[in-house]
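model-v8.json follows (JSON, C-alpha atoms):
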```
[["chain", "number", "residue", "atom", "x", "y", "z"],
["S", 814, "MET", "CA", -120.62, -3.00, 124.03],
["S", 815, "LEU", "CA", -119.16, 0.48, 124.25],
["S", 816, "LEU", "CA", -116.69, -0.01, 121.42],
["S", 817, "ASP", "CA", -119.58, -1.09, 119.21],
["S", 818, "LEU", "CA", -121.45, 2.10, 120.09],
["S", 819, "ILE", "CA", -118.64, 4.27, 118.66],
["S", 820, "THR", "CA", -117.63, 2.08, 115.71],
["S", 821, "SER", "CA", -119.56, 4.17, 113.19],
["S", 822, "ARG", "CA", -118.60, 7.54, 114.73],
["S", 823, "ARG", "CA", -115.83, 9.70, 113.31],
["S", 824, "VAL", "CA", -115.54, 11.96, 116.39],
["S", 825, "VAL", "CA", -115.93, 11.01, 120.07],
["S", 826, "PHE", "CA", -115.67, 13.42, 122.99],
["S", 827, "VAL", "CA", -114.91, 11.89, 126.39],
["S", 828, "GLY", "CA", -115.81, 14.16, 129.29],
["S", 829, "GLY", "CA", -117.04, 14.46, 132.83],
["S", 830, "LYS", "CA", -116.08, 15.81, 136.22],
["S", 831, "GLY", "CA", -112.38, 16.19, 137.00],
["S", 832, "GLY", "CA", -110.69, 13.11, 138.44],
["S", 833, "VAL", "CA", -113.16, 10.46, 137.23],
["S", 834, "GLY", "CA", -110.78, 8.83, 134.72],
["S", 835, "LYS", "CA", -111.62, 10.61, 131.44],
["S", 836, "THR", "CA", -108.10, 10.32, 130.06],
["S", 837, "SER", "CA", -107.84, 6.59, 130.80],
["S", 838, "VAL", "CA", -111.21, 5.85, 129.20],
["S", 839, "ALA", "CA", -110.43, 8.04, 126.15],
["S", 840, "ALA", "CA", -107.07, 6.29, 125.67],
["S", 841, "ALA", "CA", -108.63, 2.84, 126.09],
["S", 842, "LEU", "CA", -111.34, 3.67, 123.55],
["S", 843, "ALA", "CA", -108.69, 4.85, 121.10],
["S", 844, "LEU", "CA", -106.63, 1.72, 121.65],
["S", 845, "GLY", "CA", -109.66, -0.55, 121.38],
["S", 846, "ARG", "CA", -110.60, 0.92, 118.00],
["S", 847, "ALA", "CA", -106.98, 0.75, 116.81],
["S", 848, "ARG", "CA", -106.84, -2.96, 117.68],
["S", 849, "SER", "CA", -109.68, -3.51, 115.21],
["S", 850, "GLY", "CA", -107.82, -1.70, 112.45],
["S", 851, "ALA", "CA", -108.79, 1.98, 112.85],
["S", 852, "ARG", "CA", -106.39, 4.89, 112.53],
["S", 853, "VAL", "CA", -107.13, 6.98, 115.61],
["S", 854, "LEU", "CA", -106.09, 10.50, 116.59],
["S", 855, "LEU", "CA", -106.27, 11.02, 120.37],
["S", 856, "VAL", "CA", -106.43, 14.74, 121.28],
["S", 857, "SER", "CA", -106.21, 16.26, 124.75],
["S", 858, "THR", "CA", -107.94, 19.63, 125.20],
["S", 859, "ASP", "CA", -107.37, 19.61, 128.98],
["S", 860, "PRO", "CA", -104.75, 22.20, 130.09],
["S", 861, "ALA", "CA", -103.63, 19.63, 132.70],
["S", 862, "HIS", "CA", -102.44, 17.15, 130.06],
["S", 863, "ASN", "CA", -101.95, 13.50, 131.06],
["S", 864, "LEU", "CA", -101.57, 11.67, 127.75],
["S", 865, "GLY", "CA", -97.79, 11.70, 127.96],
["S", 866, "HIS", "CA", -97.80, 10.31, 131.50],
["S", 867, "LEU", "CA", -100.39, 7.68, 130.57],
["S", 868, "TRP", "CA", -98.52, 6.38, 127.53],
["S", 869, "GLY", "CA", -95.07, 6.84, 129.03],
["S", 870, "ARG", "CA", -93.71, 8.94, 126.18],
["S", 871, "PRO", "CA", -93.52, 12.63, 125.22],
["S", 872, "VAL", "CA", -96.67, 14.08, 123.64],
["S", 873, "GLY", "CA", -96.76, 17.64, 122.33],
["S", 874, "ASP", "CA", -98.64, 20.09, 120.15],
["S", 875, "GLU", "CA", -98.15, 18.04, 116.97],
["S", 876, "PRO", "CA", -99.34, 14.44, 116.40],
["S", 877, "VAL", "CA", -96.95, 11.75, 117.64],
["S", 878, "ARG", "CA", -97.29, 7.97, 117.31],
["S", 879, "LEU", "CA", -98.42, 6.39, 120.59],
["S", 880, "ALA", "CA", -99.20, 2.88, 119.39],
["S", 881, "GLY", "CA", -98.61, 1.15, 116.08],
["S", 882, "PRO", "CA", -99.15, -2.43, 114.87],
["S", 883, "GLY", "CA", -96.10, -3.63, 116.79],
["S", 884, "ASP", "CA", -97.35, -2.14, 120.07],
["S", 885, "LEU", "CA", -100.96, -3.28, 119.93],
["S", 886, "VAL", "CA", -102.29, -6.35, 121.66],
["S", 887, "PRO", "CA", -103.53, -8.54, 118.81],
["S", 888, "GLY", "CA", -107.25, -8.20, 118.15],
["S", 889, "ALA", "CA", -109.71, -9.06, 115.45],
["S", 890, "GLY", "CA", -108.72, -7.85, 112.03],
["S", 891, "LYS", "CA", -105.81, -5.70, 110.95],
["S", 892, "ALA", "CA", -104.16, -3.53, 113.62],
["S", 893, "GLY", "CA", -104.37, 0.22, 113.20],
["S", 894, "CYS", "CA", -102.60, 2.98, 115.12],
["S", 895, "VAL", "CA", -103.06, 5.65, 117.78],
["S", 896, "ASP", "CA", -101.48, 9.08, 117.34],
["S", 897, "GLY", "CA", -101.58, 11.58, 120.19],
["S", 898, "LEU", "CA", -101.76, 15.36, 120.36],
["S", 899, "GLU", "CA", -101.90, 17.66, 123.39],
["S", 900, "ILE", "CA", -103.23, 21.11, 122.51],
["S", 901, "ASP", "CA", -100.91, 23.66, 124.12],
["S", 902, "PRO", "CA", -103.13, 26.58, 125.20],
["S", 903, "GLU", "CA", -100.30, 29.12, 125.42],
["S", 904, "ARG", "CA", -98.81, 28.19, 122.06],
["S", 905, "THR", "CA", -102.30, 28.10, 120.53],
["S", 906, "VAL", "CA", -103.08, 31.62, 121.76],
["S", 907, "GLU", "CA", -99.69, 32.90, 120.53],
["S", 908, "GLN", "CA", -100.21, 31.37, 117.08],
["S", 909, "HIS", "CA", -103.78, 32.67, 116.96],
["S", 910, "LEU", "CA", -102.81, 36.24, 117.86],
["S", 911, "SER", "CA", -99.75, 36.19, 115.58],
["S", 912, "ALA", "CA", -101.96, 35.23, 112.65],
["S", 913, "VAL", "CA", -104.44, 37.97, 113.56],
["S", 914, "ALA", "CA", -101.60, 40.51, 113.89],
["S", 915, "GLU", "CA", -100.22, 39.61, 110.45],
["S", 916, "THR", "CA", -103.68, 39.95, 108.92],
["S", 917, "MET", "CA", -104.21, 43.33, 110.59],
["S", 918, "ARG", "CA", -100.83, 44.61, 109.36],
["S", 919, "ARG", "CA", -101.80, 43.59, 105.85],
["S", 920, "LEU", "CA", -105.29, 45.03, 105.91],
["S", 921, "LEU", "CA", -105.00, 48.17, 108.03],
["S", 922, "PRO", "CA", -103.42, 51.49, 107.03],
["S", 923, "GLU", "CA", -99.98, 51.99, 108.58],
["S", 924, "ARG", "CA", -101.25, 54.72, 110.93],
["S", 925, "MET", "CA", -103.44, 52.10, 112.62],
["S", 926, "HIS", "CA", -100.72, 49.48, 113.17],
["S", 927, "ALA", "CA", -99.66, 50.73, 116.62],
["S", 928, "PRO", "CA", -103.22, 50.98, 118.03],
["S", 929, "ALA", "CA", -103.97, 47.52, 116.61],
["S", 930, "ALA", "CA", -100.88, 46.07, 118.31],
["S", 931, "ARG", "CA", -101.98, 47.57, 121.65],
["S", 932, "HIS", "CA", -105.45, 46.12, 121.16],
["S", 933, "LEU", "CA", -104.02, 42.63, 120.53],
["S", 934, "GLN", "CA", -101.82, 42.88, 123.63],
["S", 935, "LEU", "CA", -104.94, 43.56, 125.69],
["S", 936, "ALA", "CA", -106.80, 40.78, 123.91],
["S", 937, "ARG", "CA", -104.13, 38.26, 124.98],
["S", 938, "GLN", "CA", -105.67, 38.11, 128.46],
["S", 939, "ALA", "CA", -109.25, 38.93, 127.48],
["S", 940, "PRO", "CA", -112.06, 36.50, 128.38],
["S", 941, "GLY", "CA", -112.77, 34.12, 125.52],
["S", 942, "THR", "CA", -109.39, 34.47, 123.76],
["S", 943, "HIS", "CA", -108.15, 31.12, 125.07],
["S", 944, "GLU", "CA", -111.42, 29.31, 124.27],
["S", 945, "SER", "CA", -111.59, 30.76, 120.76],
["S", 946, "ALA", "CA", -108.01, 29.73, 120.00],
["S", 947, "VAL", "CA", -108.49, 26.20, 121.38],
["S", 948, "LEU", "CA", -111.70, 25.87, 119.37],
["S", 949, "GLU", "CA", -109.71, 26.65, 116.21],
["S", 950, "ARG", "CA", -107.40, 23.74, 117.05],
["S", 951, "ILE", "CA", -110.35, 21.44, 117.72],
["S", 952, "ALA", "CA", -111.76, 22.35, 114.30],
["S", 953, "GLU", "CA", -108.34, 21.66, 112.76],
["S", 954, "ALA", "CA", -108.17, 18.27, 114.51],
["S", 955, "VAL", "CA", -111.63, 17.33, 113.20],
["S", 956, "GLU", "CA", -110.59, 18.34, 109.68],
["S", 957, "LEU", "CA", -107.32, 16.36, 110.02],
["S", 958, "GLY", "CA", -109.33, 13.39, 111.26],
["S", 959, "GLU", "CA", -111.56, 13.47, 108.19],
["S", 960, "GLU", "CA", -108.50, 13.54, 105.93],
["S", 961, "ALA", "CA", -106.07, 11.12, 107.62],
["S", 962, "TYR", "CA", -107.86, 9.11, 110.36],
["S", 963, "ASP", "CA", -110.89, 6.94, 110.93],
["S", 964, "LEU", "CA", -111.65, 8.37, 114.37],
["S", 965, "VAL", "CA", -110.74, 11.40, 116.49],
["S", 966, "VAL", "CA", -111.11, 10.95, 120.27],
["S", 967, "PHE", "CA", -111.05, 14.11, 122.37],
["S", 968, "ASP", "CA", -109.96, 13.80, 125.99],
["S", 969, "THR", "CA", -111.63, 16.94, 127.28],
["S", 970, "ALA", "CA", -111.17, 19.32, 130.19],
["S", 971, "PRO", "CA", -113.60, 19.12, 133.15],
["S", 972, "SER", "CA", -117.25, 19.61, 132.27],
["S", 973, "GLY", "CA", -117.75, 23.37, 132.59],
["S", 974, "HIS", "CA", -114.84, 24.23, 130.28],
["S", 975, "THR", "CA", -115.94, 21.65, 127.71],
["S", 976, "LEU", "CA", -119.54, 22.89, 127.68],
["S", 977, "ARG", "CA", -118.33, 26.44, 126.99],
["S", 978, "LEU", "CA", -116.22, 25.17, 124.10],
["S", 979, "LEU", "CA", -119.08, 23.18, 122.57],
["S", 980, "ALA", "CA", -121.38, 26.20, 122.77],
["S", 981, "LEU", "CA", -118.85, 28.42, 120.99],
["S", 982, "PRO", "CA", -119.21, 27.25, 117.34],
["S", 983, "GLU", "CA", -122.81, 28.46, 117.15],
["S", 984, "GLN", "CA", -122.00, 31.70, 118.99],
["S", 985, "LEU", "CA", -118.96, 32.47, 116.83],
["S", 986, "THR", "CA", -120.82, 31.57, 113.62],
["S", 987, "SER", "CA", -123.61, 33.98, 114.59],
["S", 988, "TRP", "CA", -121.09, 36.68, 115.54],
["S", 989, "THR", "CA", -119.24, 36.29, 112.24],
["S", 990, "GLU", "CA", -122.53, 36.43, 110.31],
["S", 991, "THR", "CA", -123.21, 39.79, 111.99],
["S", 992, "LEU", "CA", -119.74, 41.04, 111.03],
["S", 993, "LEU", "CA", -120.29, 39.96, 107.43],
["S", 994, "ALA", "CA", -123.66, 41.71, 107.33],
["S", 995, "ASN", "CA", -122.05, 44.88, 108.69],
["S", 996, "ARG", "CA", -119.24, 44.58, 106.13],
["S", 997, "ASP", "CA", -121.81, 44.24, 103.33],
["S", 998, "ARG", "CA", -123.59, 47.40, 104.42],
["S", 999, "SER", "CA", -120.28, 49.23, 104.79],
["S", 1000, "GLU", "CA", -119.07, 48.10, 101.36],
["S", 1001, "ARG", "CA", -122.30, 49.18, 99.67],
["S", 1002, "PHE", "CA", -122.04, 52.61, 101.28],
["S", 1003, "GLY", "CA", -118.35, 52.92, 100.41],
["S", 1004, "ALA", "CA", -118.96, 51.88, 96.82],
["S", 1005, "ALA", "CA", -121.65, 54.52, 96.45],
["S", 1006, "VAL", "CA", -119.34, 57.21, 97.85],
["S", 1007, "ARG", "CA", -116.44, 56.14, 95.62],
["S", 1008, "GLY", "CA", -118.63, 55.79, 92.57],
["S", 1009, "LEU", "CA", -117.78, 52.04, 92.46],
["S", 1010, "GLY", "CA", -114.11, 52.83, 92.06],
["S", 1011, "GLY", "CA", -111.47, 50.10, 92.63],
["S", 1012, "GLY", "CA", -108.17, 50.32, 94.42],
["S", 1013, "GLY", "CA", -106.49, 49.32, 97.66],
["S", 1014, "GLU", "CA", -109.50, 49.84, 99.90],
["S", 1015, "THR", "CA", -111.59, 47.51, 97.74],
["S", 1016, "ASP", "CA", -108.81, 44.88, 97.78],
["S", 1017, "ARG", "CA", -108.59, 45.07, 101.59],
["S", 1018, "ASP", "CA", -112.36, 44.80, 101.92],
["S", 1019, "ALA", "CA", -112.38, 41.72, 99.70],
["S", 1020, "GLU", "CA", -109.59, 40.02, 101.68],
["S", 1021, "LEU", "CA", -111.28, 40.78, 104.99],
["S", 1022, "ARG", "CA", -114.48, 39.29, 103.65],
["S", 1023, "ARG", "CA", -112.64, 36.13, 102.57],
["S", 1024, "ILE", "CA", -111.14, 35.79, 106.06],
["S", 1025, "LEU", "CA", -114.51, 36.22, 107.74],
["S", 1026, "LEU", "CA", -116.14, 33.74, 105.37],
["S", 1027, "ARG", "CA", -113.39, 31.17, 105.98],
["S", 1028, "ARG", "CA", -113.79, 31.57, 109.74],
["S", 1029, "ARG", "CA", -117.59, 31.35, 109.54],
["S", 1030, "ASN", "CA", -117.44, 28.25, 107.36],
["S", 1031, "ARG", "CA", -114.95, 26.51, 109.68],
["S", 1032, "PHE", "CA", -117.07, 27.05, 112.79],
["S", 1033, "SER", "CA", -120.28, 26.25, 110.92],
["S", 1034, "ARG", "CA", -118.72, 23.01, 109.70],
["S", 1035, "LEU", "CA", -117.57, 22.13, 113.23],
["S", 1036, "ARG", "CA", -121.05, 22.79, 114.59],
["S", 1037, "GLU", "CA", -122.51, 20.57, 111.87],
["S", 1038, "VAL", "CA", -120.15, 17.70, 112.73],
["S", 1039, "VAL", "CA", -120.54, 17.98, 116.51],
["S", 1040, "THR", "CA", -124.36, 17.92, 116.33],
["S", 1041, "ASP", "CA", -124.58, 15.03, 113.86],
["S", 1042, "PRO", "CA", -125.24, 11.84, 115.89],
["S", 1043, "ALA", "CA", -124.17, 9.69, 112.95],
["S", 1044, "ARG", "CA", -120.68, 11.19, 113.11],
["S", 1045, "THR", "CA", -120.18, 12.43, 116.67],
["S", 1046, "GLY", "CA", -120.94, 11.06, 120.12],
["S", 1047, "PHE", "CA", -120.16, 12.18, 123.66],
["S", 1048, "VAL", "CA", -119.13, 9.61, 126.29],
["S", 1049, "LEU", "CA", -119.74, 10.84, 129.84],
["S", 1050, "VAL", "CA", -117.41, 9.29, 132.41],
["S", 1051, "LEU", "CA", -118.37, 9.33, 136.09],
["S", 1052, "THR", "CA", -117.76, 7.63, 139.38],
["S", 1053, "ALA", "CA", -120.77, 6.30, 141.26],
["S", 1054, "GLU", "CA", -120.68, 9.00, 143.92],
["S", 1055, "LEU", "CA", -123.05, 11.80, 144.86],
["S", 1056, "LEU", "CA", -121.30, 14.81, 143.28],
["S", 1057, "PRO", "CA", -120.16, 13.18, 140.02],
["S", 1058, "ILE", "CA", -123.67, 11.75, 139.52],
["S", 1059, "ALA", "CA", -125.27, 15.17, 140.10],
["S", 1060, "GLU", "CA", -122.83, 16.84, 137.67],
["S", 1061, "THR", "CA", -123.38, 14.12, 135.08],
["S", 1062, "MET", "CA", -127.12, 14.76, 135.08],
["S", 1063, "GLU", "CA", -126.57, 18.49, 134.58],
["S", 1064, "VAL", "CA", -124.01, 17.98, 131.82],
["S", 1065, "TYR", "CA", -126.28, 15.50, 130.05],
["S", 1066, "GLU", "CA", -129.12, 18.03, 129.96],
["S", 1067, "LYS", "CA", -126.82, 20.79, 128.70],
["S", 1068, "LEU", "CA", -125.28, 18.59, 126.01],
["S", 1069, "THR", "CA", -128.67, 17.53, 124.70],
["S", 1070, "GLY", "CA", -129.71, 21.19, 124.78],
["S", 1071, "LEU", "CA", -126.73, 21.97, 122.54],
["S", 1072, "GLY", "CA", -127.78, 19.21, 120.15],
["S", 1073, "VAL", "CA", -124.88, 16.89, 121.08],
["S", 1074, "ASP", "CA", -125.66, 13.17, 121.19],
["S", 1075, "VAL", "CA", -124.65, 11.44, 124.45],
["S", 1076, "ALA", "CA", -123.66, 7.99, 123.19],
["S", 1077, "ALA", "CA", -122.89, 6.33, 126.53],
["S", 1078, "LEU", "CA", -122.32, 6.71, 130.25],
["S", 1079, "VAL", "CA", -119.31, 5.01, 131.84],
["S", 1080, "ALA", "CA", -119.43, 4.35, 135.60],
["S", 1081, "ASN", "CA", -115.71, 4.04, 136.27],
["S", 1082, "ARG", "CA", -113.86, 2.38, 139.19],
["S", 1083, "ARG", "CA", -116.85, 0.45, 140.49],
["S", 1084, "SER", "CA", -116.25, -1.15, 143.89],
["S", 1085, "PRO", "CA", -116.34, -4.96, 144.06],
["S", 1086, "ALA", "CA", -119.29, -6.53, 145.88],
["S", 1087, "ASP", "CA", -117.37, -9.55, 147.19],
["S", 1088, "ALA", "CA", -114.26, -8.03, 148.78],
["S", 1089, "GLY", "CA", -115.27, -7.48, 152.38],
["S", 1090, "GLU", "CA", -117.95, -5.60, 154.29],
["S", 1091, "LEU", "CA", -116.57, -2.09, 153.67],
["S", 1092, "LEU", "CA", -116.45, -2.40, 149.88],
["S", 1093, "ASP", "CA", -119.74, -4.30, 149.86],
["S", 1094, "ARG", "CA", -121.45, -1.38, 151.65],
["S", 1095, "ARG", "CA", -119.81, 1.06, 149.28],
["S", 1096, "ARG", "CA", -121.01, -0.99, 146.31],
["S", 1097, "ARG", "CA", -124.61, -0.87, 147.56],
["S", 1098, "LEU", "CA", -124.37, 2.92, 147.94],
["S", 1099, "GLU", "CA", -122.99, 3.18, 144.41],
["S", 1100, "ASP", "CA", -125.93, 1.12, 143.16],
["S", 1101, "GLU", "CA", -128.33, 3.60, 144.76],
["S", 1102, "HIS", "CA", -126.59, 6.56, 143.09],
["S", 1103, "LEU", "CA", -126.63, 4.84, 139.70],
["S", 1104, "ALA", "CA", -130.31, 3.94, 140.08],
["S", 1105, "ARG", "CA", -131.06, 7.64, 140.53],
["S", 1106, "LEU", "CA", -129.00, 8.42, 137.42],
["S", 1107, "ARG", "CA", -130.93, 5.75, 135.53],
["S", 1108, "GLN", "CA", -134.23, 7.41, 136.46],
["S", 1109, "ARG", "CA", -133.06, 10.76, 135.08],
["S", 1110, "VAL", "CA", -131.24, 9.37, 132.03],
["S", 1111, "PRO", "CA", -133.06, 6.13, 131.14],
["S", 1112, "ASP", "CA", -132.26, 5.81, 127.44],
["S", 1113, "VAL", "CA", -128.47, 6.15, 127.29],
["S", 1114, "PRO", "CA", -126.38, 2.94, 127.58],
["S", 1115, "LEU", "CA", -124.60, 2.67, 130.95],
["S", 1116, "LEU", "CA", -121.43, 0.61, 131.30],
["S", 1117, "ASP", "CA", -119.80, -0.44, 134.57],
["S", 1118, "VAL", "CA", -115.99, -0.48, 134.65],
["S", 1119, "PRO", "CA", -114.59, -2.16, 137.79],
["S", 1120, "LEU", "CA", -111.85, -0.77, 139.97],
["S", 1121, "LEU", "CA", -108.70, -2.28, 138.48],
["S", 1122, "PRO", "CA", -105.47, -3.17, 140.30],
["S", 1123, "GLY", "CA", -102.28, -1.30, 139.58],
["S", 1124, "ASP", "CA", -101.57, 1.94, 137.76],
["S", 1125, "LEU", "CA", -103.17, 2.55, 134.36],
["S", 1126, "VAL", "CA", -99.94, 3.41, 132.55],
["S", 1127, "GLY", "CA", -98.70, 2.03, 129.26],
["S", 1128, "THR", "CA", -100.17, 0.09, 126.37],
["S", 1129, "GLN", "CA", -100.63, -3.19, 128.27],
["S", 1130, "ALA", "CA", -102.63, -1.58, 131.10],
["S", 1131, "LEU", "CA", -104.74, 0.42, 128.63],
["S", 1132, "ALA", "CA", -105.41, -2.78, 126.66],
["S", 1133, "ALA", "CA", -106.74, -4.38, 129.86],
["S", 1134, "LEU", "CA", -109.07, -1.41, 130.33],
["S", 1135, "ALA", "CA", -110.12, -1.60, 126.66],
["S", 1136, "ASP", "CA", -111.12, -5.22, 127.27],
["S", 1137, "ARG", "CA", -113.40, -4.01, 130.08],
["S", 1138, "LEU", "CA", -115.19, -1.69, 127.67],
["S", 1139, "GLY", "CA", -116.53, -4.73, 125.81],
["S", 1140, "PRO", "CA", -119.45, -6.06, 127.93],
["S", 1141, "SER", "CA", -122.92, -5.18, 126.74],
["S", 1142, "PRO", "CA", -124.15, -1.89, 128.26],
["S", 1143, "SER", "CA", -127.17, -2.05, 130.57]]
```
Could you take the file, read its structure, and then write that structure out as structure tokens?
Amino acid sequence: MLLDLITSRRVVFVGGKGGVGKTSVAAALALGRARSGARVLLVSTDPAHNLGHLWGRPVGDEPVRLAGPGDLVPGAGKAGCVDGLEIDPERTVEQHLSAVAETMRRLLPERMHAPAARHLQLARQAPGTHESAVLERIAEAVELGEEAYDLVVFDTAPSGHTLRLLALPEQLTSWTETLLANRDRSERFGAAVRGLGGGGETDRDAELRRILLRRRNRFSRLREVVTDPARTGFVLVLTAELLPIAETMEVYEKLTGLGVDVAALVANRRSPADAGELLDRRRRLEDEHLARLRQRVPDVPLLDVPLLPGDLVGTQALAALADRLGPSPS
């Protein structure tokens, strides 16, 4: 069963093409684990947040309780909890740039403050600024999960955005390593010129080095966690249609290329086979699409989730979906 597949994981990413039900599956997984006693942090990295709508309560940029022991449908063992967090991209970028600005004011000579401020203003809209800032928050959420939770579930943005984010830790670690190497060469040259003298410049160099090391270590740690199949798994959600199947195959190959373990595939909203000719024909077409997916991805568990009646909103509806994540994967 799908919940069994993630029981030993500390981090689970839920992703796929837009509109296939990622948020519902992520929330149901979180609730299912909480019903068995786990403390779960559910994090949305999608700019089009839906956690608040799904749970019927406000969710913001700091963790808020979505379900506690009194809200959970009784399950085996002691009930846990689900806390929710929606990463606010704008606030994240503002906080990120404010921290950088404060560091630059501290480390740079006063004559360089104005040019540095202009540079940061341009960087606000630069490609990669948003992704880098969001990645910092993902790293923070993983660290918070290790300290205060049993599981962190990420409800991710559509596939392309998520793949860029997952590729960033290695890229940023490499980039920071290059900066550190350049700083080392610069410091050795400066020390020779100054005759190994101390002073303000040396203090600034040392602080800058500490900042770069801290950043490198954070991204290196995130990369280590994300690529460890014992700790992290990726659940790919899809609908049994031509385009979502094609995208799922591509995303699977890219994730495995990044060293990320794909723990399961979830075919969501499967049509019933006994509800009239139209749905029966659609079901047979879905079976053909899934058979093609099975040929390309034969070794990853595949779970069918039927099309459910009603709106998936609130704890009771999510508990019903969590129950559907129990059958043994094919």
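Each of S:Glu949, S:Glu1054, S:Glu915, S:Glu956 was compared to Val833 of chain S using all atoms listed in the file, and S:Glu1054 turns out to be the nearest.
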query: Using all atoms listed in the file, which residues sit within 12 Å of Val853 of chain S once same-chain residues fewer than 6 positions away are excluded, as number ranges by chain?
result: S: 820, 822-825, 839-847, 876-881, 892-898, 954-955, 957-967
field: Using only C-alpha atoms: which of S:Glu875, S:Glu903, S:Glu1063, S:Glu923 has the shortest distance to Glu953 of chain S
entry: S:Glu875
message: One decimal, in Å: what's the spacing between atom CA of Arg1036 of chain S and atom CA of Ala912 of chain S?
response: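 That distance, rounded to one decimal, is 22.9 Å.
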Length of the atom CA of Ala1080 of chain S to atom CA of Ala1053 of chain S vector [Å]: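 So the answer is 6.1 Å.
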- prompt: In Å to one decimal, how far is atom CA of Arg1082 of chain S from atom CA of Met1062 of chain S?
  reply: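 Rounded to one decimal, the two atoms are 18.6 Å apart.
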field: Proximity to Thr1040 of chain S - best of S:Leu979, S:Leu921, S:Ala1086, S:Val1079, all atoms listed in the file
entry: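 That would be S:Leu979, the residue with the smallest distance to Thr1040 of chain S.
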message: Report as number ranges by chain all protein, DNA and RNA residues lying within 12 Å of His926 of chain S, evaluated on all atoms listed in the file, omitting residues in the same chain fewer than 6 positions from it.
response: S: 914-920, 932-933
message: Considering all atoms listed in the file, can you say which of S:Phe826, S:Ala927, S:Arg848, S:Gly831 comes closest to Glu1060 of chain S?
response: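 So, comparing all the options, the nearest one is S:Gly831.
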- prompt: Between S:Asp968, S:Glu907, S:Glu1037, S:Asp901, which is the closest to Leu864 of chain S once you count all atoms listed in the file?
  reply: S:Asp968
